[in-house]
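run_10.pdb, holding PDB, C-alpha atoms:
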ATOM      1  CA  MET A 198      70.504 -30.720   1.033  1.00  0.00           C
ATOM      2  CA  ASP A 199      70.878 -28.938   4.359  1.00  0.00           C
ATOM      3  CA  LEU A 200      68.899 -25.800   5.086  1.00  0.00           C
ATOM      4  CA  PRO A 201      70.814 -22.663   6.001  1.00  0.00           C
ATOM      5  CA  PRO A 202      70.798 -21.971   9.755  1.00  0.00           C
ATOM      6  CA  ILE A 203      68.742 -18.795   9.236  1.00  0.00           C
ATOM      7  CA  LEU A 204      65.832 -20.844   7.840  1.00  0.00           C
ATOM      8  CA  LEU A 205      65.942 -23.200  10.802  1.00  0.00           C
ATOM      9  CA  THR A 206      65.549 -20.330  13.274  1.00  0.00           C
ATOM     10  CA  MET A 207      62.987 -18.266  11.365  1.00  0.00           C
ATOM     11  CA  PRO A 208      59.566 -18.150  12.975  1.00  0.00           C
ATOM     12  CA  PRO A 209      56.815 -19.926  11.071  1.00  0.00           C
ATOM     13  CA  LYS A 210      54.619 -17.768   8.871  1.00  0.00           C
ATOM     14  CA  LEU A 211      51.211 -16.676  10.050  1.00  0.00           C
ATOM     15  CA  SER A 212      48.347 -15.896   7.707  1.00  0.00           C
ATOM     16  CA  SER A 213      47.242 -12.286   7.349  1.00  0.00           C
ATOM     17  CA  ARG A 214      44.122 -13.092   9.352  1.00  0.00           C
ATOM     18  CA  GLN A 215      46.232 -14.538  12.159  1.00  0.00           C
ATOM     19  CA  GLN A 216      48.480 -11.472  12.120  1.00  0.00           C
ATOM     20  CA  ALA A 217      45.448  -9.174  12.428  1.00  0.00           C
ATOM     21  CA  GLN A 218      44.026 -11.306  15.239  1.00  0.00           C
ATOM     22  CA  LEU A 219      47.354 -11.323  17.063  1.00  0.00           C
ATOM     23  CA  ALA A 220      47.684  -7.539  16.762  1.00  0.00           C
ATOM     24  CA  TYR A 221      44.233  -7.117  18.343  1.00  0.00           C
ATOM     25  CA  LEU A 222      44.748  -9.789  20.998  1.00  0.00           C
ATOM     26  CA  GLU A 223      47.936  -8.068  22.160  1.00  0.00           C
ATOM     27  CA  LEU A 224      45.791  -5.062  23.151  1.00  0.00           C
ATOM     28  CA  LEU A 225      43.291  -7.076  25.194  1.00  0.00           C
ATOM     29  CA  PRO A 226      45.173  -7.750  28.474  1.00  0.00           C
ATOM     30  CA  GLN A 227      44.761  -4.107  29.547  1.00  0.00           C
ATOM     31  CA  LYS A 228      41.066  -4.240  28.699  1.00  0.00           C
ATOM     32  CA  LEU A 229      40.635  -7.519  30.577  1.00  0.00           C
ATOM     33  CA  GLN A 230      42.291  -5.960  33.618  1.00  0.00           C
ATOM     34  CA  ARG A 231      39.913  -2.985  33.347  1.00  0.00           C
ATOM     35  CA  ILE A 232      36.926  -5.347  33.201  1.00  0.00           C
ATOM     36  CA  TYR A 233      38.171  -7.163  36.315  1.00  0.00           C
ATOM     37  CA  SER A 234      38.639  -3.861  38.139  1.00  0.00           C
ATOM     38  CA  VAL A 235      35.160  -2.578  37.294  1.00  0.00           C
ATOM     39  CA  ILE A 236      33.500  -5.861  38.307  1.00  0.00           C
ATOM     40  CA  GLU A 237      35.251  -5.708  41.676  1.00  0.00           C
ATOM     41  CA  GLN A 238      34.160  -2.077  42.102  1.00  0.00           C
ATOM     42  CA  MET A 239      30.590  -3.124  41.301  1.00  0.00           C
ATOM     43  CA  ALA A 240      30.727  -5.513  44.260  1.00  0.00           C
ATOM     44  CA  SER A 241      31.189  -2.583  46.632  1.00  0.00           C
ATOM     45  CA  PRO A 242      28.100  -1.030  48.260  1.00  0.00           C
ATOM     46  CA  ARG A 243      28.345   2.234  46.306  1.00  0.00           C
ATOM     47  CA  VAL A 244      29.028   2.138  42.613  1.00  0.00           C
ATOM     48  CA  ASP A 245      28.847   4.898  40.037  1.00  0.00           C
ATOM     49  CA  GLU A 246      26.352   4.259  37.234  1.00  0.00           C
ATOM     50  CA  ALA A 247      28.767   5.835  34.711  1.00  0.00           C
ATOM     51  CA  LEU A 248      31.275   3.111  35.583  1.00  0.00           C
ATOM     52  CA  ILE A 249      28.754   0.419  34.676  1.00  0.00           C
ATOM     53  CA  ARG A 250      27.847   2.142  31.387  1.00  0.00           C
ATOM     54  CA  GLY A 251      31.555   2.387  30.544  1.00  0.00           C
ATOM     55  CA  LEU A 252      31.923  -1.349  31.152  1.00  0.00           C
ATOM     56  CA  GLY A 253      29.046  -1.984  28.741  1.00  0.00           C
ATOM     57  CA  ARG A 254      30.711   0.139  26.057  1.00  0.00           C
ATOM     58  CA  LEU A 255      34.041  -1.623  26.580  1.00  0.00           C
ATOM     59  CA  LEU A 256      32.393  -5.030  26.241  1.00  0.00           C
ATOM     60  CA  ASP A 257      30.538  -3.927  23.097  1.00  0.00           C
ATOM     61  CA  ASP A 258      33.846  -2.728  21.625  1.00  0.00           C
ATOM     62  CA  ILE A 259      35.489  -6.092  22.352  1.00  0.00           C
ATOM     63  CA  LYS A 260      32.506  -7.909  20.849  1.00  0.00           C
ATOM     64  CA  GLY A 261      32.544  -5.842  17.665  1.00  0.00           C
ATOM     65  CA  ASN A 262      36.275  -6.159  17.084  1.00  0.00           C
ATOM     66  CA  ALA A 263      36.336  -9.861  17.935  1.00  0.00           C
ATOM     67  CA  THR A 264      33.442 -10.525  15.563  1.00  0.00           C
ATOM     68  CA  SER A 265      35.156  -8.690  12.714  1.00  0.00           C
ATOM     69  CA  LEU A 266      38.305 -10.775  13.276  1.00  0.00           C
ATOM     70  CA  SER A 267      36.434 -14.122  13.400  1.00  0.00           C
ATOM     71  CA  LEU A 268      37.081 -14.653  17.107  1.00  0.00           C
ATOM     72  CA  GLY A 269      33.668 -16.169  17.779  1.00  0.00           C
ATOM     73  CA  GLY A 270      34.066 -17.440  21.340  1.00  0.00           C
ATOM     74  CA  LEU A 271      35.538 -14.175  22.525  1.00  0.00           C
ATOM     75  CA  ALA A 272      32.790 -12.173  20.787  1.00  0.00           C
ATOM     76  CA  ASP A 273      30.005 -14.356  22.192  1.00  0.00           C
ATOM     77  CA  THR A 274      31.256 -14.106  25.754  1.00  0.00           C
ATOM     78  CA  ALA A 275      31.769 -10.335  25.537  1.00  0.00           C
ATOM     79  CA  GLY A 276      28.254 -10.026  24.082  1.00  0.00           C
ATOM     80  CA  ARG A 277      26.752 -12.039  26.933  1.00  0.00           C
ATOM     81  CA  MET A 278      28.596  -9.908  29.471  1.00  0.00           C
ATOM     82  CA  GLY A 279      27.332  -6.735  27.774  1.00  0.00           C
ATOM     83  CA  MET A 280      23.748  -8.006  27.887  1.00  0.00           C
ATOM     84  CA  LEU A 281      24.136  -8.860  31.561  1.00  0.00           C
ATOM     85  CA  VAL A 282      25.448  -5.361  32.340  1.00  0.00           C
ATOM     86  CA  ARG A 283      22.387  -3.785  30.706  1.00  0.00           C
ATOM     87  CA  SER A 284      19.852  -6.260  32.029  1.00  0.00           C
ATOM     88  CA  GLY A 285      17.533  -5.656  34.922  1.00  0.00           C
ATOM     89  CA  GLY A 286      17.938  -7.295  38.263  1.00  0.00           C
ATOM     90  CA  GLY A 287      19.981  -6.596  41.299  1.00  0.00           C
ATOM     91  CA  LEU A 288      23.608  -5.631  41.337  1.00  0.00           C
ATOM     92  CA  PRO A 289      24.695  -8.751  43.285  1.00  0.00           C
ATOM     93  CA  MET A 290      23.190 -10.942  40.547  1.00  0.00           C
ATOM     94  CA  LYS A 291      25.042  -8.964  37.865  1.00  0.00           C
ATOM     95  CA  VAL A 292      28.335  -9.179  39.741  1.00  0.00           C
ATOM     96  CA  ARG A 293      27.984 -12.944  40.213  1.00  0.00           C
ATOM     97  CA  GLY A 294      27.160 -13.470  36.531  1.00  0.00           C
ATOM     98  CA  LEU A 295      29.926 -11.160  35.345  1.00  0.00           C
ATOM     99  CA  ARG A 296      32.492 -12.947  37.511  1.00  0.00           C
ATOM    100  CA  GLU A 297      31.512 -16.286  35.970  1.00  0.00           C
ATOM    101  CA  LEU A 298      31.606 -14.898  32.446  1.00  0.00           C
ATOM    102  CA  GLN A 299      34.922 -13.186  33.141  1.00  0.00           C
ATOM    103  CA  GLY A 300      36.490 -16.617  33.632  1.00  0.00           C
ATOM    104  CA  SER A 301      34.991 -17.736  30.344  1.00  0.00           C
ATOM    105  CA  LEU A 302      36.296 -14.582  28.637  1.00  0.00           C
ATOM    106  CA  LYS A 303      39.824 -15.332  29.871  1.00  0.00           C
ATOM    107  CA  ILE A 304      39.598 -18.936  28.628  1.00  0.00           C
ATOM    108  CA  ASN A 305      38.356 -17.757  25.224  1.00  0.00           C
ATOM    109  CA  TYR A 306      41.137 -15.147  25.090  1.00  0.00           C
ATOM    110  CA  ASP A 307      43.777 -17.811  25.772  1.00  0.00           C
ATOM    111  CA  ALA A 308      42.279 -20.102  23.105  1.00  0.00           C
ATOM    112  CA  ALA A 309      42.140 -17.267  20.555  1.00  0.00           C
ATOM    113  CA  LEU A 310      45.742 -16.311  21.303  1.00  0.00           C
ATOM    114  CA  ARG A 311      46.871 -19.921  20.899  1.00  0.00           C
ATOM    115  CA  SER A 312      44.969 -20.219  17.624  1.00  0.00           C
ATOM    116  CA  ALA A 313      46.334 -16.927  16.285  1.00  0.00           C
ATOM    117  CA  THR A 314      49.925 -17.924  17.022  1.00  0.00           C
ATOM    118  CA  THR A 315      49.719 -21.465  15.614  1.00  0.00           C
ATOM    119  CA  PRO A 316      50.863 -21.521  11.974  1.00  0.00           C
ATOM    120  CA  GLY A 317      48.356 -23.165   9.671  1.00  0.00           C
ATOM    121  CA  ALA A 318      45.595 -23.182  12.278  1.00  0.00           C
ATOM    122  CA  PHE A 319      43.074 -21.847   9.763  1.00  0.00           C
ATOM    123  CA  ASP A 320      44.154 -23.867   6.732  1.00  0.00           C
ATOM    124  CA  ALA A 321      41.604 -26.597   7.419  1.00  0.00           C
ATOM    125  CA  GLU A 322      38.781 -24.067   7.869  1.00  0.00           C
ATOM    126  CA  GLU A 323      39.244 -22.147   4.623  1.00  0.00           C
ATOM    127  CA  PRO A 324      37.274 -23.517   1.683  1.00  0.00           C
ATOM    128  CA  SER A 325      39.206 -24.928  -1.237  1.00  0.00           C
ATOM    129  CA  GLU A 326      38.986 -23.264  -4.623  1.00  0.00           C
ATOM    130  CA  SER A 327      37.968 -26.483  -6.335  1.00  0.00           C
ATOM    131  CA  GLY A 328      34.576 -26.388  -4.694  1.00  0.00           C
ATOM    132  CA  PRO A 329      32.842 -28.822  -2.340  1.00  0.00           C
ATOM    133  CA  PRO A 330      34.014 -32.444  -2.280  1.00  0.00           C
ATOM    134  CA  ALA A 331      32.136 -34.788  -4.575  1.00  0.00           C
TER
END
Please express the file's structure as structure tokens.
Amino acid sequence: MDLPPILLTMPPKLSSRQQAQLAYLELLPQKLQRIYSVIEQMASPRVDEALIRGLGRLLDDIKGNATSLSLGGLADTAGRMGMLVRSGGGLPMKVRGLRELQGSLKINYDAALRSATTPGAFDAEEPSESGPPA
């Protein structure tokens, strides 16, 4: 029995969790660009303190949303960046640490996007209804 051509070209189904993750991840590139911009501005000799506080709020927002959507790596990295923004120490140390974590954030974003767009990526993680294996 041959499948109709429409079924051969239909995109694979994503779970509702993957659809929610994908909808959120599609909004992140603008936020990642904003983070990059603020970190580069922080490297300049004069930086506005309100800019740094805004970066902290943006990172906290990413962390909260990523946590609620089970995007652990993304949430952890955003949380570390937020802690670094609020920590003591000199601005050059913060900029260096934020630049390193920004690379990690991008890697985690790419991995989350790949996972959210791969059909069945979460099937192995979800517990079965029959209970634990005997």
Practice problem: Report as a list in words the full result of the PyMOL selection byres ((chain A and resi 309) around 10) when it is applied to this structure. | Solution: Gln215, Gln218, Leu219, Leu222, Ala263, Ser267, Leu268, Gly269, Gly270, Leu271, Lys303, Ile304, Asn305, Tyr306, Asp307, Ala308, Leu310, Arg311, Ser312, Ala313, Thr314 and Thr315 of chain A
Quiz item: Could you spell out the hits of the PyMOL selection byres ((chain A and resi 229) around 10) on the shown file, as an MDAnalysis selection string?
Solution: chainID A and resid 224:228 230:235 255:256 259 299 302:303 306
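Considering the residues A:Leu211, A:Ala220, A:Val282, A:Arg277 and counting all atoms listed in the file, Arg250 (chain A) has its shortest atom-to-atom contact with A:Val282.
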Quiz prompt | the PyMOL selection byres ((chain A and resi 212) around 9) applied to the shown file, residues as an NGL selection string | solution = :A and (210-211 or 213-217 or 313 or 316-317 or 319)
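The list of residues with at least one atom within 12 Å of Pro242 (chain A), based on all atoms listed in the file and without residues fewer than 2 positions apart in the same chain, reads Glu237, Gln238, Met239, Ala240, Val244, Asp245, Leu288, Pro289 and Val292 of chain A.
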Based on the selection just made, write C-alpha atoms of those residues as a PDB file, in the frame of the given file.
ATOM      1  CA  GLU A 237      35.251  -5.708  41.676  1.00  0.00           C
ATOM      2  CA  GLN A 238      34.160  -2.077  42.102  1.00  0.00           C
ATOM      3  CA  MET A 239      30.590  -3.124  41.301  1.00  0.00           C
ATOM      4  CA  ALA A 240      30.727  -5.513  44.260  1.00  0.00           C
ATOM      5  CA  VAL A 244      29.028   2.138  42.613  1.00  0.00           C
ATOM      6  CA  ASP A 245      28.847   4.898  40.037  1.00  0.00           C
ATOM      7  CA  LEU A 288      23.608  -5.631  41.337  1.00  0.00           C
ATOM      8  CA  PRO A 289      24.695  -8.751  43.285  1.00  0.00           C
ATOM      9  CA  VAL A 292      28.335  -9.179  39.741  1.00  0.00           C
TER      10      VAL A 292
END
Practice problem: List every protein, DNA or RNA residue that has an atom no more than 12 Å from (23.0, -12.9, 36.5) in the file's coordinate frame, counting all atoms listed in the file, and report them as a list in words. | Solution: Arg277, Met278, Gly279, Met280, Leu281, Val282, Arg283, Ser284, Gly285, Gly286, Gly287, Leu288, Pro289, Met290, Lys291, Val292, Arg293, Gly294, Leu295, Arg296, Glu297 and Leu298 of chain A
Quiz item: CA of Ile236 (chain A) and CA of Thr274 (chain A), how far apart in Å?
Solution: 15.2 Å
Quiz item: From the list A:Gly251, A:Glu246, A:Ser301, A:Tyr221, which residue is nearest Asp273 (chain A) when using all atoms listed in the file?
Solution: A:Ser301
Exercise. Could you check how far CA of Glu223 (chain A) sits from CA of Ala275 (chain A), in Å to one decimal?
Key: 16.7 Å
